[in-house]
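A short write-up of the structure that comes next.
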Amino acid sequence: MLIFGQAFASGGGQADPKAAVAALSDDAEICGCNGVSKGQVLACIEKGACSLDAVRDTCKASASCGSCTGLVENLLALALGEEVQAGPRTMCRCTSFGHGDVRREIVAQAMRSIPEVMQKLHWSTPDGCSSCRPALNYYLLCALPGEYVDDQQSRFVNERMHANIQKDGTYSVVPRMWGGLTNPRELRAIADVVEKFNAPMVKVTGGQRLDIFGIRKEDLPAVWADLGAAGMVSGHAYGKALRTVKTCVGSEWCRFGTQDSTGLGVKIEQATWGSWMPHKFKIAVSGCPRNCAEATIKDFGVVCVDSGYELHVGGNGGIKVRVTDLLCRVATEEEAIEHCAAFIQLYREEAWYLERTAPWIERVGLAYVQSRLLGDAQERAALAARFLHSQKFCQDDPWAKRAAGAEREHHAPMAIFTPMEIPA
Amino acid sequence: MIGEWLDIGWLDEIPLRGSRVIEVADGDDIAVFRTGDGKVFALRDRCPHKHGRLSQGIVHGGAVACPLHNWRISLSSGEALGEDQGCTPTVPVRIDAGRVLIQRAAMLAAAA
């Protein structure tokens, strides 16, 4: 038994996954986020939790990142056999519809607001929940570029505050550095912000950016004003949005570089920044097959070769590592950028909210994605054109607006109270 | 500002399905919420779980979802909903001619 270890149960290769979880000892950790053992999951099932949702609610297994969902489902099947309440996968508990149905109906019935969707699709709650409201807001935003008015109260805190909330209630701030390139002016501005606002930590991110930690929400507009004065805009590190385009140095410096990977990365980032997506979206451009920018674990990756550009899609370096699929090879930068825009738009229009490109491609199939992008040049051009149209309304730096005083209610307190001694 | 009820501002300064905070010197912030049906509630701006800022959460029905780990807190009772256990102090609020008034002593107790 020990030869295989307990990790064997969660890996592939076992013929019967139920047998694999059955073989685990009671103290084996099932949920690594919340520290829930097999014995604790089984105890909660024994006390009456007979669905995935019920297990998530009670012992919290699978309730955070979700990567142990398969293990929990196997434990449910093991403990309850046929009695597991599977049920259809709905968007959330406010509706009996799934994500696909809701997306289709929003477009088919030309719905224009969250209340209209909830009314027409018979929502069971007066104003939804923290799961469905952000999803509906995104679906409407995607369906009605330039027309739909974003509902700030249906945005998760990070997208409402344009910064990442941390466990102590402060925020982290990541300015955009196009293609991972920077210069003395930007670096000075970042260093000055770190000192001026006493940021306790500044960190290099995995996406080749600098992350400034410990900023109070009241100080965010002033921080953005200082960064903006040096020419920097929001890095959208907080959003279900285009995050970063990571690049290697490419043919300009590297003796192995076959194409200008930094230049192409900057062009792609300038074309795609600001766009809202079903989930976060990461891009990389590598200058040769050594792939120093790790393009083959990104949502969209370009690997330059002597004859042109290999375009890769659906990679993921996170919860479940997935290597990209090769979409196609193209000869020019213009073609690479057009394919990127078309791929993003297909994902934006058809994926479910909070579905990364990796599970989306596994759900719909690479052949389907290729048929939409490669089958007909006009269809690809139309997808790319729809993306560029929607970008007209998104490439408007949200930090600059708030630094100039817009939406103060998100940052300023309503009142400040200093208690006084009341004379006796 | 001395008195049983403190006037903290106009009702429409609080976004519908949103919240604002009152900063209390030497204490926790107080979060003032306005629900979709127009009711107003005030709670200590701390989740009973890991002290997340409830004022930054998504307001739905009569509850707010904490931004840190998505605990749902009842705005009227401060109690965690569903299977979670915990309670955040609440503060009485009332609306008078479009102004929001908050009970002074309860606010100081909740902020302490």
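In the structure tokens, each chain is lettered A, B, ... as it comes, each chain's residues begin at 1, and ligands are numbered from 1 in order of appearance.
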
field: Non-local contacts of Leu383 of chain A (6 Å; only C-alpha atoms; under 3 positions in same chain excluded) as a ChimeraX atom specification
entry: /A:342,345,380,386

Could you give me, as JSON lines, every chain B residue with an atom at most 9 Å from chain A, plus its closest atom pair and distance in Å to one decimal, counting only C-alpha atoms, rows ordered by chain then number?
{"residue": "B:Met1", "atom": "CA", "partner": "A:Phe417", "partner_atom": "CA", "distance": 8.6}
{"residue": "B:Ile2", "atom": "CA", "partner": "A:Ile422", "partner_atom": "CA", "distance": 7.6}
{"residue": "B:Ile8", "atom": "CA", "partner": "A:Ala415", "partner_atom": "CA", "distance": 5.9}
{"residue": "B:Gly9", "atom": "CA", "partner": "A:Met414", "partner_atom": "CA", "distance": 7.1}
{"residue": "B:Glu13", "atom": "CA", "partner": "A:Met414", "partner_atom": "CA", "distance": 7.6}
{"residue": "B:Ile14", "atom": "CA", "partner": "A:Glu409", "partner_atom": "CA", "distance": 8.0}
{"residue": "B:Pro15", "atom": "CA", "partner": "A:Gln153", "partner_atom": "CA", "distance": 8.1}
{"residue": "B:Leu16", "atom": "CA", "partner": "A:Gln153", "partner_atom": "CA", "distance": 7.9}
{"residue": "B:Arg17", "atom": "CA", "partner": "A:Gln153", "partner_atom": "CA", "distance": 6.2}
{"residue": "B:Gly18", "atom": "CA", "partner": "A:Gln153", "partner_atom": "CA", "distance": 6.1}
{"residue": "B:Ser19", "atom": "CA", "partner": "A:His410", "partner_atom": "CA", "distance": 8.8}
{"residue": "B:Arg20", "atom": "CA", "partner": "A:Met414", "partner_atom": "CA", "distance": 5.7}
{"residue": "B:Val21", "atom": "CA", "partner": "A:Pro413", "partner_atom": "CA", "distance": 5.1}
{"residue": "B:Ile22", "atom": "CA", "partner": "A:Ala415", "partner_atom": "CA", "distance": 4.8}
{"residue": "B:Glu23", "atom": "CA", "partner": "A:Ile416", "partner_atom": "CA", "distance": 4.6}
{"residue": "B:Val24", "atom": "CA", "partner": "A:Phe417", "partner_atom": "CA", "distance": 4.8}
{"residue": "B:Ala25", "atom": "CA", "partner": "A:Thr418", "partner_atom": "CA", "distance": 5.1}
{"residue": "B:Asp26", "atom": "CA", "partner": "A:Thr418", "partner_atom": "CA", "distance": 8.4}
{"residue": "B:Val32", "atom": "CA", "partner": "A:Met414", "partner_atom": "CA", "distance": 8.9}
{"residue": "B:Gly36", "atom": "CA", "partner": "A:Asp127", "partner_atom": "CA", "distance": 7.0}
{"residue": "B:Asp37", "atom": "CA", "partner": "A:Pro126", "partner_atom": "CA", "distance": 8.8}
{"residue": "B:Lys50", "atom": "CA", "partner": "A:Lys167", "partner_atom": "CA", "distance": 8.0}
{"residue": "B:His51", "atom": "CA", "partner": "A:Asp168", "partner_atom": "CA", "distance": 7.9}
{"residue": "B:Gly52", "atom": "CA", "partner": "A:Gly169", "partner_atom": "CA", "distance": 6.4}
{"residue": "B:Arg53", "atom": "CA", "partner": "A:Gly169", "partner_atom": "CA", "distance": 6.1}
{"residue": "B:Gln56", "atom": "CA", "partner": "A:Val157", "partner_atom": "CA", "distance": 5.7}
{"residue": "B:Gly57", "atom": "CA", "partner": "A:Val157", "partner_atom": "CA", "distance": 6.3}
{"residue": "B:Ile58", "atom": "CA", "partner": "A:Ser130", "partner_atom": "CA", "distance": 5.8}
{"residue": "B:Val59", "atom": "CA", "partner": "A:Gln153", "partner_atom": "CA", "distance": 7.6}
{"residue": "B:His60", "atom": "CA", "partner": "A:Cys129", "partner_atom": "CA", "distance": 5.4}
{"residue": "B:Gly61", "atom": "CA", "partner": "A:Asp127", "partner_atom": "CA", "distance": 6.1}
{"residue": "B:Val64", "atom": "CA", "partner": "A:Ser130", "partner_atom": "CA", "distance": 8.5}
{"residue": "B:Ala65", "atom": "CA", "partner": "A:Ser130", "partner_atom": "CA", "distance": 6.5}
{"residue": "B:Pro67", "atom": "CA", "partner": "A:Val157", "partner_atom": "CA", "distance": 6.5}
{"residue": "B:Leu68", "atom": "CA", "partner": "A:Lys167", "partner_atom": "CA", "distance": 6.9}
{"residue": "B:His69", "atom": "CA", "partner": "A:Ser64", "partner_atom": "CA", "distance": 8.0}
{"residue": "B:Asn70", "atom": "CA", "partner": "A:Ser130", "partner_atom": "CA", "distance": 8.1}
{"residue": "B:Gly82", "atom": "CA", "partner": "A:Asp57", "partner_atom": "CA", "distance": 7.3}
{"residue": "B:Glu83", "atom": "CA", "partner": "A:Thr58", "partner_atom": "CA", "distance": 5.7}
{"residue": "B:Asp84", "atom": "CA", "partner": "A:Thr58", "partner_atom": "CA", "distance": 7.6}
{"residue": "B:Leu108", "atom": "CA", "partner": "A:Pro419", "partner_atom": "CA", "distance": 8.0}

query: With only C-alpha atoms as the atoms that count, which of A:Glu349, A:Asp396, A:Asp260, A:Glu105 lies nearest to Cys248 of chain A?
result: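 Result for the nearest residue to Cys248 of chain A: A:Asp260.
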
message: Please list as a list in words every residue within 12 Å of Ala49 of chain A, counting only C-alpha atoms and excluding residues in the same chain fewer than 3 positions away.
response: Gln40, Val41, Leu42, Ala43, Cys44, Ile45, Glu46, Leu52, Asp53, Ala54, Val55, Arg56, Asp57, Thr58, Cys59, Lys60, Ala61, Val72, Glu73, Leu75, Leu76, Ala79, Leu80, Glu83, Val84 and Gln85 of chain A; Glu83 of chain B

message: I'd like the neighbourhood of Cys132 of chain A as a list in words, where a residue qualifies if any of its atoms comes within 8 Å (using only C-alpha atoms), though same-chain residues fewer than 4 positions away should be ignored.
response: Met91, Cys92, Cys94, Gly128 and Leu136 of chain A

message: With DSSP run on the backbone, what are the strand (DSSP E or B) residues within chain B? I'd like them as a VMD selection string.
response: chain B and resid 5 to 10 18 to 24 30 to 34 40 to 44 58 to 60 63 to 65 72 to 74 79 to 80 87 90 to 91 93 to 96 99 to 103

- prompt: Quick one: DSSP alpha helix (DSSP H) residues in chain B, as a PyMOL selection string?
  reply: chain B and resi 104-111

Residue selection dump (C-alpha atoms) as a PDB file, in the first residue's frame:
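Resulting contents of out_17.pdb:
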ATOM      1  CA  ARG B 104     -24.738  56.476  19.925  1.00  0.00           C
ATOM      2  CA  ALA B 105     -24.201  54.174  22.892  1.00  0.00           C
ATOM      3  CA  ALA B 106     -24.800  50.995  20.887  1.00  0.00           C
ATOM      4  CA  MET B 107     -22.405  52.197  18.196  1.00  0.00           C
ATOM      5  CA  LEU B 108     -19.650  52.847  20.735  1.00  0.00           C
ATOM      6  CA  ALA B 109     -20.261  49.433  22.303  1.00  0.00           C
ATOM      7  CA  ALA B 110     -20.107  47.709  18.900  1.00  0.00           C
ATOM      8  CA  ALA B 111     -16.959  49.586  17.880  1.00  0.00           C
TER       9      ALA B 111
END

- request: Fewer than 3 positions away in the same chain doesn't count, so skip those; otherwise give me all residues within 10 Å of Gly180 of chain A, counting only C-alpha atoms, as JSON, numbers by chain.
  value: {"A": [176, 177, 207, 208, 209, 210, 244, 245, 246, 247, 248, 249, 262, 265, 266, 269]}

field: For atom CA of Gly365 of chain A and atom CA of Ala271 of chain A, the interatomic separation in Å (one decimal)
entry: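 The value is 26.4 Å.
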
- request: Record the distance separating atom CA of Arg329 of chain A and atom CA of Tyr309 of chain A, expressed in Å with one decimal.
  value: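 Taking atom CA of Arg329 of chain A and atom CA of Tyr309 of chain A, their separation equals 5.6 Å.
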
query: Which residues come within 6 Å of segment 399-401 of chain A, counting only C-alpha atoms, excluding same-chain residues fewer than 4 positions away, as a PyMOL selection string?
result: chain A and resi 224+234+406

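Closest to Leu141 of chain A among A:Val323, A:Ser275, A:Ser261, A:Leu242 is A:Ser275, based on only C-alpha atoms.
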
message: When you look at segment 90-94 of chain B with a cut-off of 8 Å (counting only C-alpha atoms), what residues show up, excluding the ones that are within fewer than 2 positions of it in the same chain? I need them as a list in words.
response: Val40, Phe41, Ala42, Leu43, Arg44, Leu75, Ser76, Ser77, Gly78, Thr88, Asp96, Val100, Leu101, Ile102, Gln103, Ala106, Met107 and Ala110 of chain B

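Atom CA of Phe343 of chain A is positioned 11.2 Å from atom CA of Ala382 of chain A.
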
- prompt: Using only C-alpha atoms, which of the listed residues (A:Glu252, A:Lys298, A:Glu355, A:Ile212) sits closest to Ala191 of chain A?
  reply: A:Ile212
